[in-house]
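*Asks:* This is input_19.tsv, which holds TSV, C-alpha atoms and all ligand atoms:
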```tsv
chain	number	residue	atom	x	y	z
A	17	MET	CA	108.27	71.30	70.46
A	18	GLU	CA	107.84	68.03	68.54
A	19	LYS	CA	104.32	66.74	67.81
A	20	ILE	CA	102.46	66.50	71.07
A	21	LYS	CA	98.99	65.54	72.17
A	22	VAL	CA	97.18	68.02	74.37
A	23	GLY	CA	94.59	67.01	76.96
A	24	PHE	CA	92.05	69.52	78.28
A	25	ILE	CA	89.71	69.06	81.26
A	26	GLY	CA	87.08	71.66	82.20
A	27	LEU	CA	85.29	72.94	79.11
A	28	GLY	CA	83.25	75.68	80.82
A	29	ASN	CA	83.09	79.42	80.16
A	30	MET	CA	86.88	79.80	80.02
A	31	GLY	CA	87.95	76.28	79.08
A	32	SER	CA	85.75	76.05	75.98
A	33	GLY	CA	87.36	79.12	74.36
A	34	MET	CA	90.90	78.20	75.37
A	35	SER	CA	90.61	74.57	74.23
A	36	LEU	CA	89.07	75.59	70.90
A	37	ASN	CA	92.00	77.94	70.25
A	38	ILE	CA	94.47	75.14	71.03
A	39	ALA	CA	92.60	72.83	68.64
A	40	LYS	CA	92.52	75.53	65.94
A	41	ALA	CA	96.32	75.91	66.29
A	42	GLY	CA	96.52	72.34	65.02
A	43	TYR	CA	97.35	70.33	68.14
A	44	ASP	CA	95.93	66.80	68.49
A	45	MET	CA	93.57	66.88	71.44
A	46	VAL	CA	91.75	64.72	73.93
A	47	VAL	CA	89.16	66.33	76.22
A	48	HIS	CA	87.08	65.57	79.31
A	49	ASP	CA	84.44	67.30	81.46
A	50	ILE	CA	81.89	65.98	83.96
A	51	ASN	CA	79.33	67.40	81.54
A	52	ARG	CA	79.93	65.71	78.18
A	53	GLU	CA	77.75	68.22	76.33
A	54	ALA	CA	80.37	70.88	77.05
A	55	ALA	CA	82.62	69.07	74.56
A	56	THR	CA	80.18	69.14	71.61
A	57	ASP	CA	82.05	71.81	69.57
A	58	LEU	CA	85.43	70.19	70.17
A	59	LEU	CA	84.20	66.69	69.30
A	60	GLU	CA	82.82	68.10	66.04
A	61	LEU	CA	86.33	69.34	65.25
A	62	GLY	CA	87.56	65.77	65.62
A	63	THR	CA	89.07	65.83	69.12
A	64	GLU	CA	89.01	62.64	71.18
A	65	TRP	CA	86.92	62.13	74.31
A	66	ALA	CA	88.25	60.58	77.54
A	67	ASP	CA	85.87	59.13	80.14
A	68	THR	CA	88.07	60.03	83.11
A	69	PRO	CA	91.06	62.27	83.94
A	70	LYS	CA	93.12	59.07	84.33
A	71	GLN	CA	92.25	57.94	80.79
A	72	LEU	CA	93.02	61.41	79.44
A	73	ALA	CA	96.40	61.48	81.20
A	74	GLU	CA	97.31	58.10	79.72
A	75	SER	CA	97.07	59.46	76.17
A	76	ALA	CA	98.11	63.15	76.50
A	77	ASP	CA	101.66	64.53	76.81
A	78	LEU	CA	100.52	67.93	78.00
A	79	ILE	CA	97.39	68.25	80.16
A	80	PHE	CA	95.45	71.44	80.87
A	81	THR	CA	92.76	71.83	83.52
A	82	SER	CA	90.38	74.81	83.83
A	83	LEU	CA	88.22	74.01	86.85
A	84	PRO	CA	86.12	76.06	89.28
A	85	GLY	CA	88.50	75.90	92.26
A	86	PRO	CA	90.54	73.88	94.78
A	87	PRO	CA	88.01	71.03	95.45
A	88	GLU	CA	87.69	70.25	91.72
A	89	VAL	CA	91.44	70.60	91.11
A	90	ASN	CA	92.07	68.18	93.96
A	91	ALA	CA	89.43	65.69	92.72
A	92	VAL	CA	90.58	65.74	89.09
A	93	SER	CA	94.27	65.41	89.97
A	94	ILE	CA	94.44	62.96	92.89
A	95	GLY	CA	90.82	61.77	93.33
A	96	GLU	CA	89.41	58.49	92.02
A	97	ASP	CA	90.54	57.90	88.41
A	98	GLY	CA	92.49	61.15	88.71
A	99	LEU	CA	95.30	62.43	86.51
A	100	ILE	CA	97.97	61.06	88.84
A	101	GLU	CA	96.88	57.50	88.02
A	102	GLY	CA	97.44	58.08	84.31
A	103	VAL	CA	100.54	60.27	84.08
A	104	SER	CA	103.94	58.85	83.22
A	105	SER	CA	107.49	60.13	83.33
A	106	GLY	CA	107.67	63.28	81.19
A	107	SER	CA	103.96	64.15	81.40
A	108	ILE	CA	103.23	67.83	82.01
A	109	TRP	CA	100.12	69.11	83.84
A	110	ILE	CA	99.26	72.80	83.68
A	111	ASP	CA	96.45	74.04	85.90
A	112	LEU	CA	94.78	77.13	84.41
A	113	SER	CA	92.20	77.36	87.22
A	114	THR	CA	92.27	80.17	89.74
A	115	SER	CA	93.10	78.02	92.72
A	116	SER	CA	95.17	77.73	95.88
A	117	PRO	CA	98.95	78.25	95.60
A	118	THR	CA	99.48	75.99	98.62
A	119	LEU	CA	97.39	73.19	97.08
A	120	ILE	CA	99.24	73.24	93.74
A	121	ARG	CA	102.60	73.24	95.59
A	122	GLU	CA	101.53	70.08	97.47
A	123	LEU	CA	100.08	68.39	94.36
A	124	SER	CA	103.23	69.19	92.41
A	125	LYS	CA	105.30	67.15	94.88
A	126	ASN	CA	103.03	64.12	94.34
A	127	PHE	CA	103.27	64.42	90.55
A	128	GLU	CA	107.06	64.83	90.67
A	129	LYS	CA	107.27	61.40	92.35
A	130	GLN	CA	105.79	59.96	89.12
A	131	GLY	CA	108.31	61.91	87.00
A	132	ALA	CA	105.61	64.37	85.87
A	133	SER	CA	105.92	68.18	85.96
A	134	VAL	CA	103.31	70.66	87.14
A	135	LEU	CA	102.90	74.34	86.29
A	136	ASP	CA	100.23	76.65	87.66
A	137	ALA	CA	99.01	79.09	85.01
A	138	PRO	CA	95.86	81.02	85.91
A	139	VAL	CA	94.52	83.38	83.29
A	140	SER	CA	92.96	86.83	83.14
A	141	GLY	CA	90.86	88.38	80.40
A	142	GLY	CA	87.36	86.93	80.83
A	143	VAL	CA	85.24	84.80	78.54
A	144	LYS	CA	85.73	87.15	75.58
A	145	GLY	CA	89.51	86.98	76.06
A	146	ALA	CA	89.32	83.17	76.19
A	147	GLN	CA	87.39	83.13	72.90
A	148	THR	CA	89.64	85.62	71.10
A	149	GLY	CA	93.01	84.46	72.47
A	150	LYS	CA	93.53	87.72	74.34
A	151	LEU	CA	94.43	86.40	77.78
A	152	ALA	CA	97.16	87.13	80.29
A	153	ILE	CA	98.63	83.83	81.50
A	154	MET	CA	100.64	83.85	84.75
A	155	VAL	CA	102.89	80.81	84.88
A	156	GLY	CA	104.71	79.34	87.87
A	157	GLY	CA	106.92	76.23	87.93
A	158	ASN	CA	110.05	74.87	86.28
A	159	GLU	CA	111.32	77.48	83.79
A	160	LYS	CA	112.72	74.90	81.36
A	161	ILE	CA	109.31	73.22	81.12
A	162	PHE	CA	107.69	76.65	80.72
A	163	ASN	CA	109.95	77.47	77.75
A	164	GLN	CA	109.28	74.06	76.25
A	165	ILE	CA	105.48	74.42	76.26
A	166	LYS	CA	105.26	78.20	75.66
A	167	PRO	CA	104.16	77.80	72.01
A	168	VAL	CA	101.00	76.05	73.24
A	169	LEU	CA	100.32	78.86	75.74
A	170	ASP	CA	100.82	81.37	72.90
A	171	SER	CA	98.02	79.65	70.99
A	172	PHE	CA	95.41	80.90	73.50
A	173	GLY	CA	97.04	83.85	75.31
A	174	ASP	CA	98.68	87.07	74.11
A	175	LYS	CA	100.45	88.07	77.34
A	176	VAL	CA	102.30	85.12	78.83
A	177	SER	CA	104.45	85.80	81.92
A	178	TYR	CA	106.84	83.47	83.71
A	179	THR	CA	106.42	84.31	87.41
A	180	GLY	CA	108.85	81.97	89.26
A	181	SER	CA	108.48	78.73	91.19
A	182	ILE	CA	105.30	76.61	91.39
A	183	GLY	CA	102.40	78.49	93.02
A	184	SER	CA	103.68	81.92	91.98
A	185	GLY	CA	101.28	82.17	89.03
A	186	SER	CA	98.34	81.60	91.37
A	187	ILE	CA	99.67	84.19	93.82
A	188	CYS	CA	99.89	86.79	91.00
A	189	LYS	CA	96.36	85.97	89.89
A	190	LEU	CA	94.88	86.16	93.41
A	191	MET	CA	96.60	89.50	94.07
A	192	HIS	CA	95.41	90.79	90.67
A	193	ASN	CA	91.76	89.89	91.25
A	194	THR	CA	91.72	91.15	94.82
A	195	ILE	CA	93.03	94.53	93.66
A	196	GLY	CA	90.20	94.59	91.11
A	197	TYR	CA	87.49	93.90	93.67
A	198	GLY	CA	88.97	96.34	96.21
A	199	MET	CA	89.00	99.03	93.51
A	200	GLN	CA	85.44	98.19	92.58
A	201	MET	CA	84.36	98.97	96.14
A	202	ILE	CA	85.83	102.46	96.22
A	203	ILE	CA	84.69	103.12	92.64
A	204	SER	CA	81.09	102.39	93.67
A	205	GLU	CA	81.38	104.74	96.66
A	206	CYS	CA	82.62	107.57	94.50
A	207	LEU	CA	80.14	106.95	91.69
A	208	THR	CA	77.16	106.95	94.07
A	209	LEU	CA	78.37	110.08	95.88
A	210	GLY	CA	79.11	111.82	92.58
A	211	VAL	CA	75.65	111.11	91.17
A	212	LYS	CA	73.79	111.86	94.43
A	213	SER	CA	75.60	115.19	94.79
A	214	GLY	CA	74.57	116.32	91.31
A	215	VAL	CA	76.77	115.00	88.46
A	216	ASP	CA	75.33	112.80	85.71
A	217	ALA	CA	76.86	109.35	85.45
A	218	GLU	CA	78.21	109.97	81.92
A	219	SER	CA	80.17	113.10	82.89
A	220	LEU	CA	81.48	111.49	86.05
A	221	LEU	CA	82.68	108.39	84.22
A	222	GLU	CA	84.26	110.47	81.45
A	223	CYS	CA	86.22	112.58	83.96
A	224	ILE	CA	87.44	109.54	85.91
A	225	LYS	CA	88.49	107.81	82.69
A	226	ASN	CA	90.27	110.92	81.38
A	227	GLY	CA	92.10	111.62	84.64
A	228	SER	CA	95.20	109.93	85.92
A	229	VAL	CA	93.13	107.10	87.45
A	230	GLY	CA	91.57	106.24	84.09
A	231	ARG	CA	94.90	106.49	82.29
A	232	GLY	CA	96.30	103.81	84.59
A	233	ASN	CA	99.01	106.17	85.86
A	234	LEU	CA	99.06	104.69	89.35
A	235	LEU	CA	100.30	101.29	88.19
A	236	ASN	CA	102.16	102.36	85.07
A	237	VAL	CA	103.94	105.49	86.29
A	238	THR	CA	103.38	106.83	89.80
A	239	LEU	CA	104.08	103.79	91.97
A	240	GLN	CA	107.10	102.90	89.85
A	241	ASP	CA	108.55	106.41	90.21
A	242	THR	CA	107.97	106.67	93.96
A	243	TYR	CA	106.93	103.84	96.29
A	244	LEU	CA	108.47	100.98	94.31
A	245	GLN	CA	111.85	102.79	94.47
A	246	GLY	CA	111.38	103.97	98.08
A	247	LYS	CA	111.61	107.56	96.73
A	248	PHE	CA	109.30	110.13	98.35
A	249	ASP	CA	111.38	113.33	98.16
A	250	PRO	CA	110.87	115.76	96.52
A	251	PRO	CA	107.12	115.07	96.46
A	252	ASN	CA	105.24	114.71	93.17
A	253	PHE	CA	102.04	115.18	95.11
A	254	ALA	CA	102.45	115.96	98.80
A	255	LEU	CA	100.76	113.80	101.42
A	256	LYS	CA	99.04	116.83	103.03
A	257	LEU	CA	97.40	117.69	99.67
A	258	ALA	CA	96.23	114.12	99.11
A	259	ARG	CA	94.66	114.05	102.56
A	260	LYS	CA	92.95	117.38	101.89
A	261	ASP	CA	91.28	115.92	98.78
A	262	VAL	CA	90.01	112.78	100.48
A	263	SER	CA	88.85	114.88	103.44
A	264	LEU	CA	86.78	117.12	101.12
A	265	ALA	CA	85.20	114.06	99.50
A	266	LEU	CA	84.27	112.69	102.96
A	267	GLU	CA	82.73	116.05	103.88
A	268	LEU	CA	80.61	115.82	100.72
A	269	GLY	CA	79.63	112.28	101.66
A	270	ARG	CA	78.38	113.50	105.04
A	271	GLU	CA	76.45	116.35	103.37
A	272	TYR	CA	74.71	113.91	101.03
A	273	ASP	CA	74.37	110.95	103.40
A	274	VAL	CA	76.53	108.57	101.41
A	275	PRO	CA	78.51	106.06	103.48
A	276	MET	CA	82.16	106.10	102.38
A	277	GLU	CA	83.79	103.12	104.06
A	278	ALA	CA	86.74	102.57	101.79
A	279	ALA	CA	87.36	106.31	101.47
A	280	SER	CA	87.30	106.68	105.29
A	281	HIS	CA	89.86	103.90	105.46
A	282	ALA	CA	92.07	105.74	102.96
A	283	TYR	CA	91.66	108.96	104.95
A	284	ASN	CA	92.68	107.26	108.19
A	285	GLU	CA	95.71	105.77	106.50
A	286	LEU	CA	96.80	109.16	105.16
A	287	THR	CA	96.23	110.68	108.63
A	288	ALA	CA	98.38	108.02	110.31
A	289	ALA	CA	101.10	108.80	107.77
A	290	MET	CA	100.78	112.55	108.51
A	291	ASN	CA	101.32	111.71	112.18
A	292	ARG	CA	104.69	110.22	111.27
A	293	GLY	CA	105.71	113.72	110.21
A	294	TRP	CA	105.48	112.88	106.51
A	295	GLU	CA	103.08	115.68	105.43
A	296	ASN	CA	105.52	117.21	102.94
A	297	LYS	CA	106.71	113.89	101.48
A	298	ASP	CA	105.13	112.31	98.42
A	299	SER	CA	101.69	110.97	99.29
A	300	ARG	CA	102.69	107.40	98.35
A	301	ILE	CA	104.80	107.28	101.50
A	302	SER	CA	101.62	106.22	103.33
A	303	LEU	CA	102.10	102.75	101.77
A	304	LEU	CA	105.02	102.21	104.15
A	305	LEU	CA	102.46	101.77	106.95
A	306	GLN	CA	101.15	98.58	105.34
A	307	GLU	CA	104.70	97.32	104.81
A	308	GLU	CA	105.19	97.67	108.55
A	309	ARG	CA	101.91	95.89	109.39
A	310	ALA	CA	102.75	93.10	106.96
A	311	GLY	CA	105.85	92.34	109.04
A	312	ASN	CA	108.34	94.75	107.50
A	313	VAL	CA	107.90	93.54	103.94
A	314	GLU	CA	109.71	95.76	101.44
A	315	VAL	CA	108.17	95.94	97.98
A	316	ARG	CA	110.89	97.40	95.73
A	317	LEU	CA	111.60	96.88	92.05
A	318	ASP	CA	114.97	95.45	91.10
A	319	GLN	CA	116.41	98.48	89.27
A	320	SER	CA	118.85	96.25	87.34
A	321	LYS	CA	115.96	94.54	85.49
A	401	LIG	P1	82.86	77.13	84.65
A	401	LIG	O1	82.10	76.70	85.84
A	401	LIG	O2	82.14	77.78	83.51
A	401	LIG	O3	83.67	75.88	84.04
A	401	LIG	C1	84.20	74.84	84.81
A	401	LIG	C2	84.10	73.56	84.02
A	401	LIG	O4	84.70	72.52	84.78
A	401	LIG	C3	82.63	73.13	83.74
A	401	LIG	O5	82.49	72.78	82.38
A	401	LIG	C4	82.42	71.93	84.66
A	401	LIG	O6	81.50	71.01	84.15
A	401	LIG	C5	83.83	71.38	84.72
A	401	LIG	N1	84.08	70.56	85.91
A	401	LIG	C6	83.78	70.87	87.19
A	401	LIG	N2	84.18	69.86	88.00
A	401	LIG	C7	84.74	68.93	87.22
A	401	LIG	C8	85.31	67.65	87.48
A	401	LIG	N3	85.38	67.16	88.71
A	401	LIG	N4	85.79	66.96	86.42
A	401	LIG	C9	85.71	67.44	85.16
A	401	LIG	N5	85.17	68.64	84.86
A	401	LIG	C10	84.69	69.37	85.88
A	401	LIG	O7	84.01	78.10	85.18
A	401	LIG	P2	84.86	79.16	84.35
A	401	LIG	O8	84.21	80.51	84.43
A	401	LIG	O9	85.22	78.58	83.02
A	401	LIG	O10	86.16	79.26	85.26
A	401	LIG	C11	87.17	78.26	85.24
A	401	LIG	C12	88.34	78.79	86.07
A	401	LIG	O11	88.87	79.97	85.45
A	401	LIG	C13	87.95	79.18	87.50
A	401	LIG	O12	88.97	78.81	88.38
A	401	LIG	C14	87.78	80.70	87.41
A	401	LIG	O13	87.99	81.33	88.66
A	401	LIG	C15	88.84	81.06	86.38
A	401	LIG	N6	88.57	82.30	85.62
A	401	LIG	C16	87.31	82.59	85.19
A	401	LIG	C17	87.11	83.76	84.46
A	401	LIG	C18	85.74	84.12	83.92
A	401	LIG	O14	85.57	85.28	83.50
A	401	LIG	N7	84.78	83.19	83.90
A	401	LIG	C19	88.19	84.61	84.15
A	401	LIG	C20	89.46	84.25	84.57
A	401	LIG	C21	89.64	83.10	85.30
```
Would you put the structure from the file into structure tokens?

*Replies:*
Amino acid sequence: MEKIKVGFIGLGNMGSGMSLNIAKAGYDMVVHDINREAATDLLELGTEWADTPKQLAESADLIFTSLPGPPEVNAVSIGEDGLIEGVSSGSIWIDLSTSSPTLIRELSKNFEKQGASVLDAPVSGGVKGAQTGKLAIMVGGNEKIFNQIKPVLDSFGDKVSYTGSIGSGSICKLMHNTIGYGMQMIISECLTLGVKSGVDAESLLECIKNGSVGRGNLLNVTLQDTYLQGKFDPPNFALKLARKDVSLALELGREYDVPMEAASHAYNELTAAMNRGWENKDSRISLLLQEERAGNVEVRLDQSK
């Protein structure tokens, strides 16, 4: 990419680290935040300040935003003195916020009318990742534009994925975080039951980390070998055995008076799958029940890729 000027709006916990890494990579920069103090470090490095998103968009070729959520993304892009008033044909806006896929799809149409392109590119890796350049970046939008600006993304992220059309980056990010928080719920149930029934926290954590859960086998191996290929026969781990394990854990929960909501939900799901006559199939077959409830959605990997 020839010499470009990068604009960055939203210099908070994530934005400060990401924008500093872009500046350190040598790009000319102009920055803005509703709190000017947030720009102190960047201004010391010699970056320019813009008073409004409009003013920033008038001088930057490539604009990043890292804002709390949909209301701020809306205000900065199409509100008073917003980006849309300053962009010109060829401008590129990349929203790094975790925000609404539907909103960015709508905003993108407005920006296209001005000849500007929009990508959604939420990130994962936390504040430390933003500071050290170790972020996953999930990018939706025009693939040609993505390839054009990828070197800038590489300056603050180490795992950059192109995910498809506009909005798809945000969808990946929302699914990713929701999996994390769902897992957190069942982890807390099992940690509290484990400790209350007599194991010290250190041993419990060590065993969970050393086992297939801790090794990340579910995402990296098991689902890919079974569910994501629609392959449940012969079983790697039979459904009836999986249900036995969860049932024993629930029994322990009753003995020790520990409510196990998420585990009960898992047990009920495995039971419903048993009632389909699937007891001797691989336990992952129970995931077909959710596919049915979702309106017969099939989640299968393209084996040619
Ligand atoms: P933050 O609140 O620390 O930073 C947001 C920044 O935006 C602040 O500096 C704020 O002053 C500025 N801002 C707010 N409204 C503005 C406006 N109208 N105009 C200009 N500037 C404005 O939030 P954060 O933790 O840096 O998160 C930013 C985004 O990244 C969020 O969407 C969040 O969900 C996502 N995210 C956060 C983390 C994390 O660990 N903090 C990790 C991954 C993704």

*Asks:* Could you give me the residues within 6 Å of ligand LIG 401 (chain A), counting all atoms listed in the file, as an NGL selection string?

*Replies:* :A and (25-31 or 49-51 or 82-85 or 88 or 91-92 or 113-114 or 139-143)

*Asks:* So that I can check the surroundings of region 249-259 of chain A, please list as a ChimeraX atom specification every protein, DNA and RNA residue that reaches within 8 Å of it, counting all atoms listed in the file and ignoring chain neighbours fewer than 4 positions away.

*Replies:* /A:263,283,286-287,290,294-302

*Asks:* Counting only C-alpha atoms, which of A:Leu235, A:Leu58, A:Met154, A:Val134 gets nearest to Leu190 (chain A)?

*Replies:*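 With only C-alpha atoms as the atom set, the closest residue is A:Met154.
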
*Asks:* Restricting the calculation to only C-alpha atoms, which member of A:Ile100, A:Leu209, A:Leu244, A:Leu305 is positioned closest to Leu268 (chain A)?

*Replies:*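 The shortest atom-to-atom distance to Leu268 (chain A) comes from A:Leu209.
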
*Asks:* Could you check the closest approach to Leu304 (chain A) for each of A:Phe80, A:Asn284, A:Gly269, A:Gly246 and tell me which residue wins, using only C-alpha atoms?

*Replies:* A:Gly246

*Asks:* Around the point (101.7, 77.7, 86.2) in the file's coordinates, collect all residues with an atom within 7 Å, using only C-alpha atoms, and return them as number ranges by chain.

*Replies:* A: 110-111, 135-138, 154-157, 182-183, 185

*Asks:* Pick the closest to Ile224 (chain A) from A:Leu207, A:Arg121, A:Pro69, A:Thr242: which is it, counting all atoms listed in the file?

*Replies:*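 Smallest distance to Ile224 (chain A) is found for A:Leu207.
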
*Asks:* Enumerate, as a ChimeraX atom specification, the protein, DNA and RNA residues whose atoms approach (107.5, 65.5, 83.6) to within 10 Å, taking into account all atoms listed in the file and the coordinate frame of the file.

*Replies:* /A:77-78,103-109,127-134,161

*Asks:* Could you list, as a list in words, every residue within 9 Å of Glu271 (chain A), counting only C-alpha atoms and ignoring same-chain residues fewer than 4 positions away?

*Replies:*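 So the residues in contact are Ser213, Leu266 and Glu267 of chain A.
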
*Asks:* Expressed in Å to a single decimal, how great is the separation between CA of Gln245 (chain A) and CA of Ser320 (chain A)?

*Replies:*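 These two atoms are separated by 11.9 Å.
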
*Asks:* Would you work out the distance separating CA of Cys206 (chain A) from CA of Pro275 (chain A), expressed in Å to one decimal?

*Replies:*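 Separation between CA of Cys206 (chain A) and CA of Pro275 (chain A): 10.0 Å.
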
*Asks:* Fewer than 3 positions away in the same chain doesn't count, so skip those; otherwise give me all residues within 6 Å of Ala73 (chain A), counting only C-alpha atoms, as a PyMOL selection string.

*Replies:* chain A and resi 70+76+99+102-103

*Asks:* A:Ser32, A:Thr81, A:Thr238, A:Ser177: which is nearest Ile153 (chain A), counting all atoms listed in the file?

*Replies:*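 The shortest atom-to-atom distance to Ile153 (chain A) comes from A:Ser177.
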
*Asks:* One decimal, Å: what's the distance from CA of Asn236 (chain A) over to CA of Ala146 (chain A), could you say?

*Replies:*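 Computed distance, CA of Asn236 (chain A) to CA of Ala146 (chain A), equals 24.7 Å.
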
*Asks:* Find, counting all atoms listed in the file, the residue in A:Ala41, A:Thr148, A:Lys21, A:Gly311 that gets nearest to Pro167 (chain A).

*Replies:* A:Ala41
